[in-house]
>>> print(open('coords.cif').read())   # mmCIF, C-alpha atoms and all ligand atoms
data_coords
loop_
_atom_site.group_PDB
_atom_site.id
_atom_site.type_symbol
_atom_site.label_atom_id
_atom_site.label_comp_id
_atom_site.auth_asym_id
_atom_site.auth_seq_id
_atom_site.Cartn_x
_atom_site.Cartn_y
_atom_site.Cartn_z
ATOM 1 C CA MET A 759 146.946 87.619 136.524
ATOM 2 C CA LYS A 760 149.573 88.080 133.878
ATOM 3 C CA THR A 761 150.615 86.038 130.826
ATOM 4 C CA LEU A 762 154.171 85.919 129.511
ATOM 5 C CA ASP A 763 154.923 83.982 126.310
ATOM 6 C CA GLY A 764 151.611 82.170 126.650
ATOM 7 C CA ILE A 765 152.232 81.141 130.239
ATOM 8 C CA VAL A 766 150.259 82.507 133.174
ATOM 9 C CA VAL A 767 152.903 83.651 135.645
ATOM 10 C CA GLU A 768 150.764 82.761 138.683
ATOM 11 C CA ALA A 769 150.488 79.134 137.552
ATOM 12 C CA GLU A 770 152.933 76.352 138.281
ATOM 13 C CA PHE A 771 154.296 75.507 134.823
ATOM 14 C CA CYS A 772 154.823 71.798 134.158
ATOM 15 C CA PRO A 773 155.648 71.621 130.446
ATOM 16 C CA SER A 774 153.960 68.705 128.700
ATOM 17 C CA PRO A 775 155.404 67.317 125.457
ATOM 18 C CA ASN A 776 151.846 66.624 124.282
ATOM 19 C CA PHE A 777 151.107 69.656 122.108
ATOM 20 C CA ASP A 778 151.775 71.032 118.667
ATOM 21 C CA ASN A 779 151.307 74.244 116.730
ATOM 22 C CA ARG A 780 147.910 75.642 115.969
ATOM 23 C CA SER A 781 147.315 76.457 112.336
ATOM 24 C CA LYS A 782 148.493 79.930 111.335
ATOM 25 C CA ASN A 783 144.997 81.337 110.956
ATOM 26 C CA ALA A 784 143.625 79.726 114.123
ATOM 27 C CA ASP A 785 141.306 82.038 115.991
ATOM 28 C CA ILE A 786 141.130 80.901 119.624
ATOM 29 C CA ASP A 787 137.558 81.511 120.689
ATOM 30 C CA LEU A 788 136.412 78.711 122.990
ATOM 31 C CA PHE A 789 137.017 77.414 126.507
ATOM 32 C CA VAL A 790 136.506 73.688 127.081
ATOM 33 C CA ILE A 791 135.906 72.642 130.692
ATOM 34 C CA HIS A 792 136.940 69.138 131.710
ATOM 35 C CA ALA A 793 137.106 67.100 134.889
ATOM 36 C CA ILE A 794 139.717 64.502 135.714
ATOM 37 C CA SER A 795 140.664 62.430 138.731
ATOM 38 C CA LEU A 796 142.995 59.456 138.748
ATOM 39 C CA PRO A 797 141.660 56.966 139.248
ATOM 40 C CA GLU A 798 138.108 58.375 139.060
ATOM 41 C CA GLY A 799 137.060 59.856 142.419
ATOM 42 C CA ASN A 800 140.593 59.801 143.851
ATOM 43 C CA TYR A 801 142.318 63.169 144.142
ATOM 44 C CA ASN A 802 145.993 62.611 143.510
ATOM 45 C CA THR A 803 147.227 65.586 141.517
ATOM 46 C CA GLN A 804 150.631 64.020 140.935
ATOM 47 C CA LEU A 805 149.070 61.216 138.861
ATOM 48 C CA ILE A 806 147.430 63.785 136.581
ATOM 49 C CA LYS A 807 150.753 65.573 136.152
ATOM 50 C CA ASP A 808 152.405 62.229 135.440
ATOM 51 C CA LEU A 809 149.794 61.401 132.784
ATOM 52 C CA PHE A 810 150.215 64.742 130.999
ATOM 53 C CA LEU A 811 154.005 64.434 131.174
ATOM 54 C CA ASN A 812 154.002 60.831 129.827
ATOM 55 C CA ASN A 813 155.374 59.636 133.155
ATOM 56 C CA LEU A 814 152.520 57.601 134.586
ATOM 57 C CA SER A 815 153.467 54.530 136.629
ATOM 58 C CA PRO A 816 150.230 52.537 136.771
ATOM 59 C CA GLY A 817 151.303 49.846 139.242
ATOM 60 C CA ASN A 818 148.567 47.229 139.541
ATOM 61 C CA ASN A 819 145.736 49.616 138.741
ATOM 62 C CA LYS A 820 143.919 48.364 135.638
ATOM 63 C CA PHE A 821 142.449 51.747 134.784
ATOM 64 C CA LEU A 822 145.811 53.518 135.035
ATOM 65 C CA GLN A 823 147.338 50.755 132.930
ATOM 66 C CA SER A 824 144.676 51.373 130.267
ATOM 67 C CA ILE A 825 145.503 55.083 129.953
ATOM 68 C CA LYS A 826 149.257 54.919 130.457
ATOM 69 C CA ASN A 827 150.093 55.281 126.768
ATOM 70 C CA LEU A 828 147.655 58.064 125.969
ATOM 71 C CA ARG A 829 149.309 61.210 124.706
ATOM 72 C CA VAL A 830 147.122 63.908 126.196
ATOM 73 C CA SER A 831 147.392 67.268 127.911
ATOM 74 C CA SER A 832 145.431 70.377 128.703
ATOM 75 C CA HIS A 833 146.456 73.986 128.945
ATOM 76 C CA PHE A 834 145.485 74.173 132.621
ATOM 77 C CA LEU A 835 144.552 72.095 135.640
ATOM 78 C CA VAL A 836 142.749 73.540 138.656
ATOM 79 C CA THR A 837 143.368 71.330 141.703
ATOM 80 C CA ARG A 838 140.872 70.746 144.520
ATOM 81 C CA SER A 839 142.528 73.515 146.556
ATOM 82 C CA GLY A 840 142.242 75.926 143.621
ATOM 83 C CA SER A 841 145.916 75.849 142.656
ATOM 84 C CA LEU A 842 146.598 76.472 139.007
ATOM 85 C CA ILE A 843 148.951 74.288 136.975
ATOM 86 C CA GLN A 844 149.739 74.990 133.319
ATOM 87 C CA PHE A 845 151.029 72.343 130.907
ATOM 88 C CA VAL A 846 150.930 73.988 127.478
ATOM 89 C CA PRO A 847 151.324 77.680 126.455
ATOM 90 C CA ILE A 848 147.961 79.093 125.413
ATOM 91 C CA HIS A 849 148.996 79.871 121.821
ATOM 92 C CA LYS A 850 149.995 76.216 121.305
ATOM 93 C CA ARG A 851 147.518 73.382 120.681
ATOM 94 C CA ALA A 852 147.016 71.140 123.711
ATOM 95 C CA TRP A 853 145.572 67.674 123.183
ATOM 96 C CA HIS A 854 142.496 67.680 125.420
ATOM 97 C CA ALA A 855 139.304 67.415 123.396
ATOM 98 C CA GLY A 856 139.891 64.511 120.999
ATOM 99 C CA LYS A 857 137.240 63.926 118.353
ATOM 100 C CA SER A 858 134.889 66.827 118.884
ATOM 101 C CA ASN A 859 132.502 69.248 117.249
ATOM 102 C CA TYR A 860 131.441 72.751 118.282
ATOM 103 C CA GLN A 861 128.679 74.356 116.222
ATOM 104 C CA GLY A 862 129.708 72.461 113.117
ATOM 105 C CA ARG A 863 133.442 72.990 113.581
ATOM 106 C CA GLU A 864 135.445 69.823 114.140
ATOM 107 C CA ASN A 865 138.641 69.238 116.143
ATOM 108 C CA CYS A 866 138.069 71.724 118.937
ATOM 109 C CA ASN A 867 141.711 71.477 120.012
ATOM 110 C CA ASP A 868 142.474 73.737 117.041
ATOM 111 C CA PHE A 869 140.634 76.745 118.436
ATOM 112 C CA SER A 870 140.135 76.191 122.159
ATOM 113 C CA ILE A 871 141.725 76.514 125.570
ATOM 114 C CA GLY A 872 141.409 73.299 127.599
ATOM 115 C CA ILE A 873 140.925 73.599 131.357
ATOM 116 C CA GLU A 874 140.797 70.513 133.566
ATOM 117 C CA LEU A 875 139.248 70.637 137.009
ATOM 118 C CA GLU A 876 140.329 67.984 139.435
ATOM 119 C CA GLY A 877 137.005 66.274 140.008
ATOM 120 C CA CYS A 878 134.598 63.573 138.944
ATOM 121 C CA ASP A 879 131.017 62.856 137.971
ATOM 122 C CA THR A 880 129.853 62.086 141.508
ATOM 123 C CA GLU A 881 131.000 64.992 143.679
ATOM 124 C CA GLU A 882 130.731 68.768 143.803
ATOM 125 C CA PHE A 883 133.680 70.936 142.909
ATOM 126 C CA THR A 884 135.208 73.193 145.564
ATOM 127 C CA SER A 885 134.590 76.916 145.964
ATOM 128 C CA ALA A 886 138.352 77.442 145.586
ATOM 129 C CA GLN A 887 138.105 75.824 142.148
ATOM 130 C CA TYR A 888 135.299 78.122 140.976
ATOM 131 C CA LYS A 889 137.253 81.118 142.212
ATOM 132 C CA SER A 890 140.445 80.087 140.445
ATOM 133 C CA LEU A 891 138.599 79.003 137.272
ATOM 134 C CA SER A 892 136.631 82.243 137.012
ATOM 135 C CA HIS A 893 139.777 84.342 137.497
ATOM 136 C CA LEU A 894 141.551 82.332 134.832
ATOM 137 C CA ILE A 895 138.711 82.623 132.307
ATOM 138 C CA SER A 896 138.341 86.349 132.945
ATOM 139 C CA HIS A 897 142.047 86.864 132.413
ATOM 140 C CA ILE A 898 142.451 84.716 129.290
ATOM 141 C CA SER A 899 139.254 85.975 127.664
ATOM 142 C CA ALA A 900 140.473 89.552 128.058
ATOM 143 C CA ASP A 901 143.956 88.627 126.859
ATOM 144 C CA LEU A 902 142.810 86.750 123.743
ATOM 145 C CA LYS A 903 139.522 88.616 123.214
ATOM 146 C CA ILE A 904 137.412 85.485 123.632
ATOM 147 C CA ASN A 905 133.710 86.002 124.254
ATOM 148 C CA LYS A 906 133.023 84.806 127.820
ATOM 149 C CA LYS A 907 129.886 83.102 126.568
ATOM 150 C CA ASN A 908 132.018 80.664 124.582
ATOM 151 C CA ILE A 909 132.497 78.113 127.343
ATOM 152 C CA VAL A 910 131.429 74.498 126.920
ATOM 153 C CA GLY A 911 131.809 71.224 128.742
ATOM 154 C CA HIS A 912 133.754 68.412 127.104
ATOM 155 C CA ASN A 913 130.470 66.450 127.112
ATOM 156 C CA GLU A 914 128.878 69.072 124.836
ATOM 157 C CA ILE A 915 131.506 68.797 122.108
ATOM 158 C CA ALA A 916 131.968 65.006 122.399
ATOM 159 C CA PRO A 917 128.461 63.764 123.276
ATOM 160 C CA GLY A 918 128.098 60.040 123.890
ATOM 161 C CA ARG A 919 131.860 59.752 124.335
ATOM 162 C CA LYS A 920 132.567 62.094 127.267
ATOM 163 C CA THR A 921 130.590 63.073 130.384
ATOM 164 C CA ASP A 922 132.929 65.596 132.002
ATOM 165 C CA PRO A 923 132.756 67.983 133.764
ATOM 166 C CA GLY A 924 129.683 66.047 134.852
ATOM 167 C CA PRO A 925 126.369 66.743 136.573
ATOM 168 C CA TYR A 926 127.918 68.385 139.640
ATOM 169 C CA PHE A 927 129.553 71.201 137.729
ATOM 170 C CA ASP A 928 127.627 74.396 138.543
ATOM 171 C CA TRP A 929 127.384 76.351 135.279
ATOM 172 C CA ASP A 930 125.191 79.055 136.798
ATOM 173 C CA LEU A 931 127.725 79.685 139.532
ATOM 174 C CA LEU A 932 130.608 79.929 137.069
ATOM 175 C CA LYS A 933 128.655 82.291 134.814
ATOM 176 C CA SER A 934 127.761 84.489 137.794
ATOM 177 C CA MET A 935 131.477 84.820 138.628
ATOM 178 C CA ILE A 936 132.902 85.875 135.249
HETATM 179 ZN ZN ZN A 1001 137.519 65.931 129.177
#
>>> encode(input="coords.cif", output="structure tokens", more="lines below")
Ligand SMILES: [Zn+2]
Amino acid sequence: MKTLDGIVVEAEFCPSPNFDNRSKNADIDLFVIHAISLPEGNYNTQLIKDLFLNNLSPGNNKFLQSIKNLRVSSHFLVTRSGSLIQFVPIHKRAWHAGKSNYQGRENCNDFSIGIELEGCDTEEFTSAQYKSLSHLISHISADLKINKKNIVGHNEIAPGRKTDPGPYFDWDLLKSMI
């Protein structure tokens, strides 16, 4: 893998407007793993892109209607087939974690890379996703000198509020691959 101007060249780049600058002294040293499917359990990658690009057409779906006006993003999305999509350059601050705390430090968006996996709380992730995710983490951690141990689930930094990546995410497998 290769990064140019904060964008991984192997990824499909879909620029999201939902980001801002990190503070000047921000030291990026954490990966936050998320899971998303829209609606939950339904794998329609286009809806996730639409959400992150502020383009979501919710139709009659009550859940999609409820999230339509959120202004959120992540740096990356790994689809079920393992394809990599990037929404925000890694040196910019993506809006993925919300209210959060990592080892006493608040607002994890300031110092983290957000990676969404297309998935949900009730189903295993695909082997293609672990392969793509582990390659991505290995590449970015080398690029930005992030300790590979600094990987958390969204649920760990926003307990009680978030459950992703959920009980089916295989942490041991990921750690064995990076
Ligand atoms: Zn999340």
>>> resolve_selection(input="coords.cif", expression="the PyMOL selection byres (((chain A and resi 771) around 8) and not hetatm)", output="mmCIF file with C-alpha atoms, keeping the file's coordinate frame")
data_model
loop_
_atom_site.group_PDB
_atom_site.id
_atom_site.type_symbol
_atom_site.label_atom_id
_atom_site.label_comp_id
_atom_site.auth_asym_id
_atom_site.auth_seq_id
_atom_site.Cartn_x
_atom_site.Cartn_y
_atom_site.Cartn_z
ATOM 1 C CA ILE A 765 152.232 81.141 130.239
ATOM 2 C CA ALA A 769 150.488 79.134 137.552
ATOM 3 C CA GLU A 770 152.933 76.352 138.281
ATOM 4 C CA CYS A 772 154.823 71.798 134.158
ATOM 5 C CA PRO A 773 155.648 71.621 130.446
ATOM 6 C CA ILE A 843 148.951 74.288 136.975
ATOM 7 C CA GLN A 844 149.739 74.990 133.319
ATOM 8 C CA PHE A 845 151.029 72.343 130.907
#
>>> residues_near_ligand(input="coords.cif", ligand="ligand ZN 1001 (chain A)", cutoff="12 Å", atoms="all atoms listed in the file", output="number ranges by chain")
A: 789-795, 830-832, 834-835, 853-858, 866-867, 871-879, 910-917, 919-924
>>> write_last_selection(input="coords.cif", atoms="C-alpha atoms", output="compact mmCIF listing (two decimals), in the coordinates of the input")
# COMPACT_ATOMS: atom_id res chain seq x y z
CA PHE A 789 137.02 77.41 126.51
CA VAL A 790 136.51 73.69 127.08
CA ILE A 791 135.91 72.64 130.69
CA HIS A 792 136.94 69.14 131.71
CA ALA A 793 137.11 67.10 134.89
CA ILE A 794 139.72 64.50 135.71
CA SER A 795 140.66 62.43 138.73
CA VAL A 830 147.12 63.91 126.20
CA SER A 831 147.39 67.27 127.91
CA SER A 832 145.43 70.38 128.70
CA PHE A 834 145.49 74.17 132.62
CA LEU A 835 144.55 72.10 135.64
CA TRP A 853 145.57 67.67 123.18
CA HIS A 854 142.50 67.68 125.42
CA ALA A 855 139.30 67.42 123.40
CA GLY A 856 139.89 64.51 121.00
CA LYS A 857 137.24 63.93 118.35
CA SER A 858 134.89 66.83 118.88
CA CYS A 866 138.07 71.72 118.94
CA ASN A 867 141.71 71.48 120.01
CA ILE A 871 141.72 76.51 125.57
CA GLY A 872 141.41 73.30 127.60
CA ILE A 873 140.93 73.60 131.36
CA GLU A 874 140.80 70.51 133.57
CA LEU A 875 139.25 70.64 137.01
CA GLU A 876 140.33 67.98 139.44
CA GLY A 877 137.00 66.27 140.01
CA CYS A 878 134.60 63.57 138.94
CA ASP A 879 131.02 62.86 137.97
CA VAL A 910 131.43 74.50 126.92
CA GLY A 911 131.81 71.22 128.74
CA HIS A 912 133.75 68.41 127.10
CA ASN A 913 130.47 66.45 127.11
CA GLU A 914 128.88 69.07 124.84
CA ILE A 915 131.51 68.80 122.11
CA ALA A 916 131.97 65.01 122.40
CA PRO A 917 128.46 63.76 123.28
CA ARG A 919 131.86 59.75 124.34
CA LYS A 920 132.57 62.09 127.27
CA THR A 921 130.59 63.07 130.38
CA ASP A 922 132.93 65.60 132.00
CA PRO A 923 132.76 67.98 133.76
CA GLY A 924 129.68 66.05 134.85
>>> resolve_selection(input="coords.cif", expression="the PyMOL selection byres (((chain A and resi 893) around 12) and not hetatm)", output="number ranges by chain")
A: 759-760, 766, 768-769, 836, 840-842, 886-892, 894-900, 906, 932-933, 935-936
>>> atom_distance(input="coords.cif", atom1="atom CA of A:Ser774", atom2="atom CA of A:Leu902")
21.8 Å
>>> resolve_selection(input="coords.cif", expression="the PyMOL selection byres (((chain A and resi 787) around 6) and not hetatm)", output="MDAnalysis selection string")
chainID A and resid 786 788 904
>>> write_last_selection(input="coords.cif", atoms="C-alpha atoms", output="PDB file, in the coordinates of the input")
ATOM      1  CA  ILE A 786     141.130  80.901 119.624  1.00  0.00           C
ATOM      2  CA  LEU A 788     136.412  78.711 122.990  1.00  0.00           C
ATOM      3  CA  ILE A 904     137.412  85.485 123.632  1.00  0.00           C
TER       4      ILE A 904
END
>>> atom_distance(input="coords.cif", atom1="atom CA of A:Asp868", atom2="atom CA of A:Arg780")
5.9 Å
>>> closest_residue(input="coords.cif", among="A:Asn813, A:Gln804, A:Asn859, A:Ser870", to="A:Ile909", atoms="only C-alpha atoms")
A:Ser870
>>> atom_distance(input="coords.cif", atom1="atom CA of A:Ser824", atom2="atom CA of A:Glu881")
23.5 Å
>>> closest_residue(input="coords.cif", among="A:Thr884, A:Asn908, A:Gln823, A:Ser839", to="A:Asn802", atoms="all atoms listed in the file")
A:Ser839
>>> closest_residue(input="coords.cif", among="A:Glu864, A:Leu931, A:His833, A:Pro847", to="A:Leu762", atoms="only C-alpha atoms")
A:Pro847
>>> residues_around(input="coords.cif", residues="A:Ser781", least_positions_apart="5", cutoff="10 Å", atoms="only C-alpha atoms", output="PDB file with C-alpha atoms, in the coordinates of the input")
ATOM      1  CA  LYS A 850     149.995  76.216 121.305  1.00  0.00           C
ATOM      2  CA  ARG A 851     147.518  73.382 120.681  1.00  0.00           C
ATOM      3  CA  ASP A 868     142.474  73.737 117.041  1.00  0.00           C
ATOM      4  CA  PHE A 869     140.634  76.745 118.436  1.00  0.00           C
TER       5      PHE A 869
END
>>> closest_residue(input="coords.cif", among="A:Pro797, A:Asn779, A:Thr803, A:Tyr926", to="A:Gly817", atoms="all atoms listed in the file")
A:Pro797
>>> decode(input="coords.cif", residues="stretch 763-785 of chain A", atoms="N, CA and C atoms", output="short mmCIF file (atom, residue, chain, number, x, y, z; two decimals), in the first residue's frame")
data_model
loop_
_atom_site.label_atom_id
_atom_site.label_comp_id
_atom_site.auth_asym_id
_atom_site.auth_seq_id
_atom_site.Cartn_x
_atom_site.Cartn_y
_atom_site.Cartn_z
N ASP A 763 -0.61 12.28 0.03
CA ASP A 763 -1.40 13.37 0.59
C ASP A 763 -2.50 12.86 1.52
N GLY A 764 -2.16 11.85 2.30
CA GLY A 764 -3.12 11.33 3.28
C GLY A 764 -4.15 10.38 2.72
N ILE A 765 -4.01 10.04 1.44
CA ILE A 765 -4.99 9.15 0.82
C ILE A 765 -4.29 7.87 0.36
N VAL A 766 -4.84 6.75 0.75
CA VAL A 766 -4.29 5.46 0.35
C VAL A 766 -4.64 5.24 -1.13
N VAL A 767 -3.61 5.06 -1.96
CA VAL A 767 -3.87 5.05 -3.40
C VAL A 767 -4.67 3.82 -3.83
N GLU A 768 -4.61 2.74 -3.06
CA GLU A 768 -5.37 1.53 -3.41
C GLU A 768 -6.85 1.65 -3.05
N ALA A 769 -7.21 2.66 -2.29
CA ALA A 769 -8.61 2.81 -1.87
C ALA A 769 -9.40 3.59 -2.92
N GLU A 770 -10.70 3.36 -2.95
CA GLU A 770 -11.58 4.24 -3.72
C GLU A 770 -11.79 5.48 -2.85
N PHE A 771 -11.49 6.66 -3.36
CA PHE A 771 -11.63 7.87 -2.55
C PHE A 771 -12.96 8.54 -2.84
N CYS A 772 -13.79 8.63 -1.81
CA CYS A 772 -15.09 9.31 -1.90
C CYS A 772 -15.06 10.44 -0.88
N PRO A 773 -14.63 11.63 -1.27
CA PRO A 773 -14.41 12.68 -0.27
C PRO A 773 -15.68 13.10 0.45
N SER A 774 -15.65 12.99 1.77
CA SER A 774 -16.76 13.43 2.61
C SER A 774 -16.51 14.86 3.05
N PRO A 775 -17.58 15.67 3.13
CA PRO A 775 -17.40 17.03 3.68
C PRO A 775 -17.33 17.02 5.21
N ASN A 776 -17.55 15.86 5.82
CA ASN A 776 -17.66 15.81 7.28
C ASN A 776 -16.30 15.55 7.94
N PHE A 777 -15.48 16.59 7.98
CA PHE A 777 -14.17 16.51 8.63
C PHE A 777 -13.72 17.92 8.93
N ASP A 778 -12.70 18.04 9.74
CA ASP A 778 -12.04 19.33 9.94
C ASP A 778 -10.58 19.07 10.27
N ASN A 779 -9.87 20.14 10.62
CA ASN A 779 -8.45 19.99 10.90
C ASN A 779 -8.21 19.44 12.29
N ARG A 780 -7.22 18.61 12.42
CA ARG A 780 -6.78 18.21 13.75
C ARG A 780 -6.03 19.40 14.35
N SER A 781 -5.88 19.39 15.67
CA SER A 781 -5.10 20.48 16.26
C SER A 781 -3.64 20.32 15.84
N LYS A 782 -2.91 21.41 15.87
CA LYS A 782 -1.54 21.42 15.33
C LYS A 782 -0.64 20.40 16.01
N ASN A 783 -0.84 20.20 17.31
CA ASN A 783 0.05 19.29 18.03
C ASN A 783 -0.54 17.88 18.17
N ALA A 784 -1.57 17.58 17.36
CA ALA A 784 -2.22 16.27 17.48
C ALA A 784 -1.24 15.16 17.11
N ASP A 785 -1.19 14.17 17.97
CA ASP A 785 -0.33 13.02 17.75
C ASP A 785 -1.26 11.83 17.49
#
